[in-house]
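Next comes query_31.cif, with mmCIF, C-alpha atoms.
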```cif
data_target
#
loop_
_atom_site.label_atom_id
_atom_site.label_comp_id
_atom_site.auth_asym_id
_atom_site.auth_seq_id
_atom_site.Cartn_x
_atom_site.Cartn_y
_atom_site.Cartn_z
CA MET H 33 -60.56 65.97 60.93
CA ALA H 34 -63.31 63.45 61.58
CA SER H 35 -66.50 64.23 63.47
CA SER H 36 -66.78 62.99 67.03
CA ILE H 37 -68.68 59.79 67.75
CA LEU H 38 -71.32 61.74 69.68
CA THR H 39 -71.82 64.26 66.88
CA LYS H 40 -72.29 61.49 64.33
CA ALA H 41 -74.68 59.65 66.63
CA VAL H 42 -76.82 62.71 67.37
CA CYS H 43 -77.00 63.73 63.71
CA SER H 44 -78.01 60.19 62.76
CA ALA H 45 -80.61 60.01 65.53
CA MET H 46 -82.09 63.41 64.71
CA GLN H 47 -82.28 62.48 61.04
CA ARG H 48 -84.47 59.52 62.02
CA ILE H 49 -86.60 61.64 64.38
CA ALA H 50 -87.01 64.61 62.01
CA PRO H 51 -85.75 63.90 58.47
CA THR H 52 -84.26 67.06 57.02
CA ALA H 53 -85.99 66.32 53.71
CA LEU H 54 -89.15 67.68 55.37
CA ALA H 55 -87.59 71.08 56.10
CA GLY H 56 -88.68 74.11 54.11
CA SER H 57 -86.39 75.24 51.30
CA TRP H 58 -86.01 78.55 53.18
CA ASP H 59 -84.84 76.84 56.36
CA ASN H 60 -81.38 76.09 57.74
CA VAL H 61 -81.39 72.70 59.42
CA GLY H 62 -78.92 69.99 60.37
CA LEU H 63 -75.48 70.37 61.93
CA ILE H 64 -74.97 74.12 62.29
CA ILE H 65 -71.73 74.35 64.27
CA GLU H 66 -69.25 71.51 64.71
CA SER H 67 -66.66 72.10 67.38
CA PRO H 68 -63.14 70.91 66.51
CA ILE H 69 -62.49 70.23 70.19
CA GLN H 70 -63.10 66.59 71.07
CA ASP H 71 -62.50 65.83 74.74
CA SER H 72 -62.99 62.12 75.38
CA ARG H 73 -63.03 62.84 79.12
CA SER H 74 -66.22 64.93 78.83
CA ALA H 75 -69.61 63.40 79.48
CA ASN H 76 -71.90 62.67 76.55
CA ARG H 77 -74.31 65.38 77.65
CA ILE H 78 -76.82 66.98 75.25
CA LEU H 79 -78.90 70.08 75.99
CA LEU H 80 -82.21 70.72 74.23
CA THR H 81 -83.49 74.26 73.73
CA ILE H 82 -85.79 76.28 71.52
CA ASP H 83 -83.28 79.12 71.11
CA LEU H 84 -79.53 79.30 71.65
CA THR H 85 -79.50 82.47 73.76
CA PRO H 86 -76.50 83.68 75.80
CA ALA H 87 -78.18 82.24 78.91
CA VAL H 88 -78.56 78.83 77.26
CA CYS H 89 -74.93 78.99 76.12
CA ASP H 90 -73.85 79.66 79.71
CA GLU H 91 -75.99 76.75 80.88
CA ALA H 92 -74.54 74.36 78.31
CA LEU H 93 -70.95 75.27 79.14
CA SER H 94 -71.56 75.04 82.90
CA LEU H 95 -73.12 71.59 82.44
CA GLY H 96 -70.21 70.41 80.36
CA ALA H 97 -72.54 69.64 77.45
CA ARG H 98 -70.96 68.46 74.23
CA MET H 99 -73.94 69.12 71.99
CA ILE H 100 -76.89 71.50 71.86
CA VAL H 101 -79.99 70.65 69.87
CA SER H 102 -81.46 74.10 69.23
CA TYR H 103 -84.88 73.91 67.58
CA HIS H 104 -84.40 77.31 65.93
CA SER H 105 -81.17 77.56 64.01
CA PRO H 106 -78.83 80.18 65.49
CA ILE H 107 -77.71 80.87 61.91
CA PHE H 108 -80.77 81.72 59.85
CA ARG H 109 -79.73 84.57 57.55
CA PRO H 110 -76.47 84.52 55.56
CA LEU H 111 -73.47 85.80 57.53
CA LYS H 112 -70.32 87.43 56.18
CA SER H 113 -68.40 87.14 59.43
CA PHE H 114 -68.41 85.79 62.99
CA THR H 115 -67.49 88.45 65.52
CA LEU H 116 -67.97 89.28 69.17
CA SER H 117 -70.07 92.34 68.28
CA SER H 118 -73.23 90.19 68.18
CA PRO H 119 -74.30 88.39 71.38
CA LEU H 120 -75.80 85.51 69.40
CA GLN H 121 -72.66 85.09 67.29
CA THR H 122 -70.62 85.27 70.49
CA SER H 123 -72.63 82.35 71.85
CA LEU H 124 -71.78 80.27 68.79
CA LEU H 125 -68.10 81.13 69.05
CA ARG H 126 -68.11 80.23 72.75
CA CYS H 127 -69.78 76.92 71.96
CA ALA H 128 -67.22 76.02 69.31
CA ALA H 129 -64.35 77.04 71.59
CA GLY H 130 -65.87 75.11 74.48
CA GLY H 131 -66.25 71.84 72.61
CA VAL H 132 -70.01 72.16 72.02
CA SER H 133 -71.53 71.38 68.61
CA VAL H 134 -74.99 72.63 67.61
CA TYR H 135 -77.75 70.88 65.64
CA SER H 136 -81.06 72.41 64.50
CA PRO H 137 -84.17 70.49 63.28
CA HIS H 138 -86.68 73.41 63.04
CA SER H 139 -89.31 72.92 60.31
CA ALA H 140 -88.38 69.25 59.85
CA LEU H 141 -89.51 68.68 63.44
CA ASP H 142 -92.70 70.66 62.78
CA GLY H 143 -93.79 68.56 59.83
CA VAL H 144 -92.76 65.00 60.70
CA TRP H 145 -95.44 62.61 61.90
CA GLY H 146 -95.37 62.76 65.70
CA GLY H 147 -93.61 66.13 65.60
CA ILE H 148 -94.58 69.52 66.99
CA ASN H 149 -97.67 70.11 64.85
CA ASP H 150 -99.05 66.69 65.76
CA TRP H 151 -98.35 67.47 69.42
CA LEU H 152 -100.34 70.70 69.09
CA LEU H 153 -103.09 68.76 67.35
CA SER H 154 -103.27 66.30 70.26
CA ILE H 155 -103.76 69.23 72.65
CA LEU H 156 -106.79 70.39 70.69
CA CYS H 157 -108.33 66.94 70.25
CA ASP H 158 -107.81 65.90 73.88
CA GLY H 159 -108.96 62.39 73.03
CA ASP H 160 -111.97 63.44 70.91
CA ALA H 161 -112.61 61.73 67.59
CA ALA H 162 -111.38 63.82 64.69
CA LEU H 163 -110.13 63.70 61.11
CA THR H 164 -106.64 65.12 60.66
CA ARG H 165 -104.35 65.84 57.73
CA PRO H 166 -101.50 68.18 56.74
CA LEU H 167 -102.28 71.62 55.33
CA ALA H 168 -99.81 70.90 52.52
CA VAL H 169 -98.16 67.71 51.31
CA PRO H 170 -94.63 67.55 49.81
CA PRO H 171 -94.72 66.78 46.06
CA ASP H 172 -92.24 63.91 46.44
CA PRO H 173 -94.24 60.83 47.57
CA ALA H 174 -91.25 59.50 49.51
CA VAL H 175 -91.04 62.73 51.51
CA ALA H 176 -94.83 62.98 51.85
CA SER H 177 -94.82 59.62 53.61
CA LEU H 178 -92.75 61.23 56.39
CA GLY H 179 -95.16 64.10 57.14
CA GLY H 180 -96.32 67.45 55.79
CA ASP H 181 -96.73 71.16 56.50
CA GLY H 182 -99.06 72.21 59.30
CA ARG H 183 -102.14 70.27 60.33
CA ARG H 184 -105.90 70.54 59.89
CA VAL H 185 -108.30 68.91 62.31
CA GLU H 186 -112.01 68.37 61.77
CA PHE H 187 -113.83 67.39 64.95
CA ALA H 188 -116.47 64.68 64.82
CA GLU H 189 -118.61 66.89 67.07
CA PRO H 190 -118.39 70.71 67.11
CA MET H 191 -117.27 72.47 70.28
CA GLU H 192 -117.61 75.97 71.63
CA MET H 193 -114.71 78.36 71.08
CA ALA H 194 -114.37 78.70 74.86
CA GLU H 195 -113.71 74.96 75.18
CA LEU H 196 -111.03 75.12 72.50
CA GLU H 197 -109.39 78.08 74.24
CA GLY H 198 -109.33 76.15 77.51
CA ARG H 199 -107.65 73.18 75.86
CA VAL H 200 -104.99 75.43 74.37
CA LYS H 201 -104.24 77.07 77.73
CA ARG H 202 -104.07 73.77 79.59
CA GLY H 203 -102.01 72.04 76.92
CA LEU H 204 -99.46 74.83 76.64
CA GLY H 205 -99.44 75.75 80.33
CA LEU H 206 -100.55 79.33 79.67
CA SER H 207 -102.80 81.53 81.77
CA THR H 208 -103.52 83.91 78.88
CA ILE H 209 -103.67 83.70 75.10
CA GLN H 210 -104.64 86.17 72.36
CA VAL H 211 -107.92 85.50 70.57
CA GLY H 212 -109.51 87.27 67.62
CA TYR H 213 -113.22 86.65 67.07
CA SER H 214 -114.56 87.08 63.55
CA SER H 215 -117.62 89.33 63.36
CA ALA H 216 -118.37 87.73 59.99
CA ARG H 217 -119.53 84.58 61.80
CA GLN H 218 -122.87 84.13 63.51
CA ASP H 219 -121.62 81.69 66.14
CA ARG H 220 -118.49 80.49 67.93
CA GLN H 221 -118.94 76.82 67.19
CA VAL H 222 -115.69 75.19 66.09
CA ARG H 223 -115.61 72.30 63.68
CA SER H 224 -112.24 72.77 62.01
CA VAL H 225 -108.86 74.21 63.03
CA ALA H 226 -105.72 74.90 61.00
CA ILE H 227 -102.57 74.45 63.07
CA CYS H 228 -99.02 75.72 62.59
CA ALA H 229 -96.29 75.94 65.22
CA GLY H 230 -94.48 79.26 65.47
CA ALA H 231 -95.68 81.69 62.79
CA GLY H 232 -98.42 80.32 60.55
CA ALA H 233 -99.72 83.21 58.46
CA SER H 234 -97.98 82.31 55.20
CA MET H 235 -99.07 78.69 55.48
CA PHE H 236 -102.64 79.65 56.31
CA SER H 237 -102.86 82.11 53.41
CA ALA H 238 -101.82 79.38 50.98
CA TYR H 239 -104.48 77.03 52.34
CA LYS H 240 -107.77 77.78 50.60
CA GLU H 241 -110.24 75.46 52.34
CA PRO H 242 -112.60 77.35 54.71
CA THR H 243 -111.55 76.87 58.33
CA ASP H 244 -113.18 77.96 61.58
CA VAL H 245 -110.00 78.74 63.54
CA PHE H 246 -106.33 79.49 62.86
CA PHE H 247 -104.15 78.31 65.75
CA THR H 248 -100.50 79.42 65.80
CA GLY H 249 -97.91 81.34 67.78
CA GLU H 250 -97.95 84.68 65.99
CA MET H 251 -99.35 86.45 62.94
CA GLN H 252 -98.78 89.93 61.55
CA HIS H 253 -101.50 92.51 62.12
CA HIS H 254 -102.87 92.59 58.58
CA ASP H 255 -102.88 88.80 58.35
CA VAL H 256 -105.06 88.67 61.46
CA LEU H 257 -107.41 91.28 60.02
CA GLU H 258 -107.74 89.36 56.77
CA ALA H 259 -108.50 86.10 58.57
CA LEU H 260 -111.17 87.71 60.73
CA ALA H 261 -112.76 89.41 57.72
CA LYS H 262 -113.01 86.04 55.96
CA GLY H 263 -114.82 84.46 58.90
CA THR H 264 -111.97 82.69 60.67
CA HIS H 265 -111.31 83.09 64.39
CA VAL H 266 -107.64 83.38 65.42
CA ILE H 267 -105.79 81.98 68.44
CA LEU H 268 -102.24 83.27 69.06
CA CYS H 269 -100.10 82.02 71.93
CA GLY H 270 -96.66 83.56 71.40
CA HIS H 271 -94.21 82.07 68.89
CA THR H 272 -92.12 79.82 71.11
CA ASN H 273 -95.01 78.97 73.45
CA THR H 274 -96.31 76.71 70.68
CA GLU H 275 -92.96 74.90 70.51
CA ARG H 276 -91.29 74.71 73.92
CA GLY H 277 -93.64 72.19 75.49
CA TYR H 278 -92.53 69.62 72.92
CA LEU H 279 -88.94 69.53 74.18
CA PRO H 280 -89.59 66.80 76.81
CA VAL H 281 -91.15 64.69 74.04
CA LEU H 282 -88.09 65.25 71.86
CA ALA H 283 -85.81 64.40 74.78
CA ALA H 284 -87.51 61.02 75.21
CA LYS H 285 -87.27 60.29 71.48
CA LEU H 286 -83.59 61.26 71.35
CA ARG H 287 -82.73 59.16 74.41
CA ALA H 288 -84.39 56.12 72.84
CA GLU H 289 -82.62 56.60 69.52
CA LEU H 290 -79.23 57.06 71.18
CA GLU H 291 -79.73 53.99 73.34
CA ASN H 292 -80.21 52.02 70.13
CA GLU H 293 -77.17 53.78 68.68
CA ALA H 294 -75.08 52.81 71.71
CA GLN H 295 -75.76 49.14 70.99
CA THR H 296 -73.98 49.41 67.66
CA VAL H 297 -71.40 52.05 68.59
CA ALA H 298 -69.72 50.69 71.70
CA LYS H 299 -67.44 53.69 72.11
CA LEU H 300 -70.38 56.06 72.50
CA GLY H 301 -71.21 54.93 76.04
CA ASP H 302 -73.92 56.50 78.18
CA VAL H 303 -75.62 59.64 76.94
CA GLU H 304 -77.49 62.21 79.03
CA VAL H 305 -80.19 64.34 77.39
CA ARG H 306 -81.46 67.40 79.27
CA VAL H 307 -84.03 70.10 78.53
CA SER H 308 -82.72 73.62 79.14
CA LYS H 309 -83.88 75.35 82.31
CA THR H 310 -82.96 78.84 81.08
CA ASP H 311 -84.66 78.72 77.67
CA GLU H 312 -87.86 80.77 77.83
CA HIS H 313 -90.28 82.80 75.75
CA PRO H 314 -88.59 86.18 75.10
CA LEU H 315 -91.73 88.23 75.86
CA GLN H 316 -93.61 88.48 79.15
CA VAL H 317 -97.16 89.66 79.89
CA VAL H 318 -97.05 92.32 82.64
#
```

Write out the structure in this file as structure tokens.
Amino acid sequence: MASSILTKAVCSAMQRIAPTALAGSWDNVGLIIESPIQDSRSANRILLTIDLTPAVCDEALSLGARMIVSYHSPIFRPLKSFTLSSPLQTSLLRCAAGGVSVYSPHSALDGVWGGINDWLLSILCDGDAALTRPLAVPPDPAVASLGGDGRRVEFAEPMEMAELEGRVKRGLGLSTIQVGYSSARQDRQVRSVAICAGAGASMFSAYKEPTDVFFTGEMQHHDVLEALAKGTHVILCGHTNTERGYLPVLAAKLRAELENEAQTVAKLGDVEVRVSKTDEHPLQVV
């Protein structure tokens, strides 16, 4: 059974936006679920989300979406079965039965030039002059030309930690963030920041160059303690809070790619790309 025209078009477009060659070897990216139900009467509607939760599944089915681009893969660890005993597996089964296929870009979208880590970097720079580079570069030169892991920014002029914190809050639309100040430092002047969307501890630990600030979504307790002891301040914003704000950017990129695709695939027709209204950070501050 051949893939639907829309599925092929979205996979092709996403491969151009976030080449899967950039994904970590540990990651599960690409087409995750392909529904065998192909209803030509359905609209070419695509829903973007960070996580495929039951609420997002309900939203997609009520919208009549035919594809979900879920940044985090709903299948991350190996599975021996698909059953209704797990709410997340139930969502995948409902998608497949409802004619909805699922694609995940995850770490490929983090590392690509113009992807999530570069978006986070732009929030910190806010137009200021700075030198930027990946924290790690893929060994294959062809892949390295597409992007790299994490980002490091060195500001042309140092700024106060309070200014950096304000930029993070404004850029991510947050009223509060978690900050760890290193007592090993004599000041709170910031010249360099290491950036990683989501959870950055493992990437930061592998990066040996001294850095003033680690900026990520979450880190484990002992990783925070180690960073502070070594003289690095830490800014944590909540895992998905460092990712969700990029979805409108991804939506614009996907629309543009599919418009180009429609010129060569006449049967594709108009495509509607929406950002989920029910996708949200799973933890609240009360």

>> Could you tell me how far CA of Ile267 (chain H) sits from CA of Ala216 (chain H), in Å to one decimal place?
In response: 16.2 Å

Neighbour residues at most 12 Å from (-102.8, 90.2, 59.9) (all atoms listed in the file) as a PDB file with C-alpha atoms, keeping the file's coordinate frame:
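Okay, this is what ended up in result.pdb:
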```pdb
ATOM      1  CA  GLY H 212    -109.510  87.270  67.620  1.00  0.00           C
ATOM      2  CA  ALA H 231     -95.680  81.690  62.790  1.00  0.00           C
ATOM      3  CA  GLY H 232     -98.420  80.320  60.550  1.00  0.00           C
ATOM      4  CA  ALA H 233     -99.720  83.210  58.460  1.00  0.00           C
ATOM      5  CA  SER H 234     -97.980  82.310  55.200  1.00  0.00           C
ATOM      6  CA  PHE H 236    -102.640  79.650  56.310  1.00  0.00           C
ATOM      7  CA  SER H 237    -102.860  82.110  53.410  1.00  0.00           C
ATOM      8  CA  PHE H 246    -106.330  79.490  62.860  1.00  0.00           C
ATOM      9  CA  GLU H 250     -97.950  84.680  65.990  1.00  0.00           C
ATOM     10  CA  MET H 251     -99.350  86.450  62.940  1.00  0.00           C
ATOM     11  CA  GLN H 252     -98.780  89.930  61.550  1.00  0.00           C
ATOM     12  CA  HIS H 253    -101.500  92.510  62.120  1.00  0.00           C
ATOM     13  CA  HIS H 254    -102.870  92.590  58.580  1.00  0.00           C
ATOM     14  CA  ASP H 255    -102.880  88.800  58.350  1.00  0.00           C
ATOM     15  CA  VAL H 256    -105.060  88.670  61.460  1.00  0.00           C
ATOM     16  CA  LEU H 257    -107.410  91.280  60.020  1.00  0.00           C
ATOM     17  CA  GLU H 258    -107.740  89.360  56.770  1.00  0.00           C
ATOM     18  CA  ALA H 259    -108.500  86.100  58.570  1.00  0.00           C
ATOM     19  CA  LEU H 260    -111.170  87.710  60.730  1.00  0.00           C
ATOM     20  CA  ALA H 261    -112.760  89.410  57.720  1.00  0.00           C
ATOM     21  CA  LYS H 262    -113.010  86.040  55.960  1.00  0.00           C
ATOM     22  CA  THR H 264    -111.970  82.690  60.670  1.00  0.00           C
ATOM     23  CA  HIS H 265    -111.310  83.090  64.390  1.00  0.00           C
ATOM     24  CA  VAL H 266    -107.640  83.380  65.420  1.00  0.00           C
ATOM     25  CA  LEU H 268    -102.240  83.270  69.060  1.00  0.00           C
TER      26      LEU H 268
END
```

> Care to translate the PyMOL selection byres ((chain H and resi 196) around 10) into actual residues of this file, as a list in words?
Replying inline: Ile155, Leu156, Cys157, Asp158, Met191, Glu192, Met193, Ala194, Glu195, Glu197, Gly198, Arg199, Val200, Lys201, Gln221, Val222, Val225, Val245 and Ile267 of chain H

> When you draw a straight line from CA of Leu120 (chain H) to CA of Arg77 (chain H), how long is it in Å?
Replying inline: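 Computing it gives 21.8 Å between the two atoms.
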
>> For this structure, which residues satisfy the selection - the PyMOL selection byres ((chain H and resi 136-144) around 6) - when it is evaluated on the file as given? I want them as a ChimeraX atom specification.
In response: /H:50,52,54-55,61-62,101-105,135,145,147-149,178-181

> Nearest to Leu167 (chain H): which of H:Gly130, H:Thr243, H:Pro106, H:Phe114 is it, counting all atoms listed in the file?
Replying inline: H:Thr243

>> Taking 2 positions as the minimum chain separation for residues in the same chain, which residues sit within 12 Å of Pro314 (chain H) when counting all atoms listed in the file? Answer as a PyMOL selection string.
In response: chain H and resi 82-85+87+270-273+276+310-312+316-317

Store the residues of this selection in a file with C-alpha atoms, as a PDB file, in the coordinates of the input.
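Printed below is again_8.pdb as written:
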```pdb
ATOM      1  CA  ILE H  82     -85.790  76.280  71.520  1.00  0.00           C
ATOM      2  CA  ASP H  83     -83.280  79.120  71.110  1.00  0.00           C
ATOM      3  CA  LEU H  84     -79.530  79.300  71.650  1.00  0.00           C
ATOM      4  CA  THR H  85     -79.500  82.470  73.760  1.00  0.00           C
ATOM      5  CA  ALA H  87     -78.180  82.240  78.910  1.00  0.00           C
ATOM      6  CA  GLY H 270     -96.660  83.560  71.400  1.00  0.00           C
ATOM      7  CA  HIS H 271     -94.210  82.070  68.890  1.00  0.00           C
ATOM      8  CA  THR H 272     -92.120  79.820  71.110  1.00  0.00           C
ATOM      9  CA  ASN H 273     -95.010  78.970  73.450  1.00  0.00           C
ATOM     10  CA  ARG H 276     -91.290  74.710  73.920  1.00  0.00           C
ATOM     11  CA  THR H 310     -82.960  78.840  81.080  1.00  0.00           C
ATOM     12  CA  ASP H 311     -84.660  78.720  77.670  1.00  0.00           C
ATOM     13  CA  GLU H 312     -87.860  80.770  77.830  1.00  0.00           C
ATOM     14  CA  GLN H 316     -93.610  88.480  79.150  1.00  0.00           C
ATOM     15  CA  VAL H 317     -97.160  89.660  79.890  1.00  0.00           C
TER      16      VAL H 317
END
```

> Please, what distance in Å, to one decimal, runs between CA of Gly249 (chain H) and CA of Ser154 (chain H)?
Replying inline: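 If I compute the distance from CA of Gly249 (chain H) to CA of Ser154 (chain H), I get 16.2 Å.
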
Give as a PDB file with C-alpha atoms, in the coordinates of the input the residues that the PyMOL selection byres ((chain H and resi 96-100) around 7) matches when applied to the coordinates above.
```
ATOM      1  CA  SER H  74     -66.220  64.930  78.830  1.00  0.00           C
ATOM      2  CA  ASN H  76     -71.900  62.670  76.550  1.00  0.00           C
ATOM      3  CA  ARG H  77     -74.310  65.380  77.650  1.00  0.00           C
ATOM      4  CA  ILE H  78     -76.820  66.980  75.250  1.00  0.00           C
ATOM      5  CA  LEU H  79     -78.900  70.080  75.990  1.00  0.00           C
ATOM      6  CA  LEU H  80     -82.210  70.720  74.230  1.00  0.00           C
ATOM      7  CA  ALA H  92     -74.540  74.360  78.310  1.00  0.00           C
ATOM      8  CA  LEU H  93     -70.950  75.270  79.140  1.00  0.00           C
ATOM      9  CA  SER H  94     -71.560  75.040  82.900  1.00  0.00           C
ATOM     10  CA  LEU H  95     -73.120  71.590  82.440  1.00  0.00           C
ATOM     11  CA  VAL H 101     -79.990  70.650  69.870  1.00  0.00           C
ATOM     12  CA  SER H 102     -81.460  74.100  69.230  1.00  0.00           C
ATOM     13  CA  GLY H 131     -66.250  71.840  72.610  1.00  0.00           C
ATOM     14  CA  VAL H 132     -70.010  72.160  72.020  1.00  0.00           C
ATOM     15  CA  SER H 133     -71.530  71.380  68.610  1.00  0.00           C
ATOM     16  CA  VAL H 134     -74.990  72.630  67.610  1.00  0.00           C
ATOM     17  CA  TYR H 135     -77.750  70.880  65.640  1.00  0.00           C
TER      18      TYR H 135
END
```

>> My list of candidates is H:Val88, H:Ile209, H:Val305, H:Ala53. Which is closest to Lys285 (chain H) when distances are computed with only C-alpha atoms?
In response: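 Ranked by minimum distance to Lys285 (chain H), first place goes to H:Val305.
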
>> Counting only C-alpha atoms, which residue out of H:Lys299, H:Arg126, H:Arg223, H:Arg202 sits closest to Ser36 (chain H)?
In response: H:Lys299

>> When you count all atoms listed in the file, which of these residues is closest to Thr248 (chain H): H:Gly301, H:Leu152, H:Pro173, H:Ser214?
In response: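 Using all atoms listed in the file, Thr248 (chain H) sits closest to H:Leu152.
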
>> Need the shell around Ala283 (chain H): protein/DNA/RNA residues with any atom at most 7 Å away, counting only C-alpha atoms. Skip same-chain ones fewer than 4 positions apart. Format as a list in words?
In response: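 Using only C-alpha atoms, the neighbours found are Leu279, Arg287, Val305 and Arg306 of chain H.
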
> Taking into account all atoms listed in the file, which residue in the set H:Asp71, H:Glu241, H:Glu304, H:Asp59 is nearest to Arg109 (chain H)?
Replying inline: H:Asp59

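For Glu293 (chain H), the list of residues within 12 Å, based on all atoms listed in the file and with local chain neighbours fewer than 2 positions off taken out, reads Ile37, Leu38, Thr39, Lys40, Ala41, Val42, Cys43, Ser44, Ala45, Met46, Arg48, Leu286, Arg287, Ala288, Glu289, Leu290, Glu291, Gln295, Thr296, Val297, Ala298, Lys299, Leu300, Gly301, Asp302 and Val303 of chain H.
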
Once 8 Å is added on each side, what centre and edge lengths in Å to one decimal does the axis-aligned box around all listed atoms of region 157-162 of chain H have, as AutoDock Vina command-line options?
```
--center_x -110.2 --center_y 64.3 --center_z 69.3 --size_x 20.8 --size_y 21.2 --size_z 25.2
```

> What would the list of residues within 6 Å of (-99.6, 77.2, 66.9) (file frame) look like as a PyMOL selection string, if all atoms listed in the file are what count?
Replying inline: chain H and resi 227-230+247-249+274

> Skipping near chain neighbours, those fewer than 4 positions away, what residues fall within 9 Å of Asp160 (chain H) using all atoms listed in the file, listed as number ranges by chain?
Replying inline: H: 156, 187-189

> Between H:Ala294, H:Tyr239, H:Gly146, H:Gly182, which one has atoms that come closest to Tyr278 (chain H), using only C-alpha atoms?
Replying inline: H:Gly146
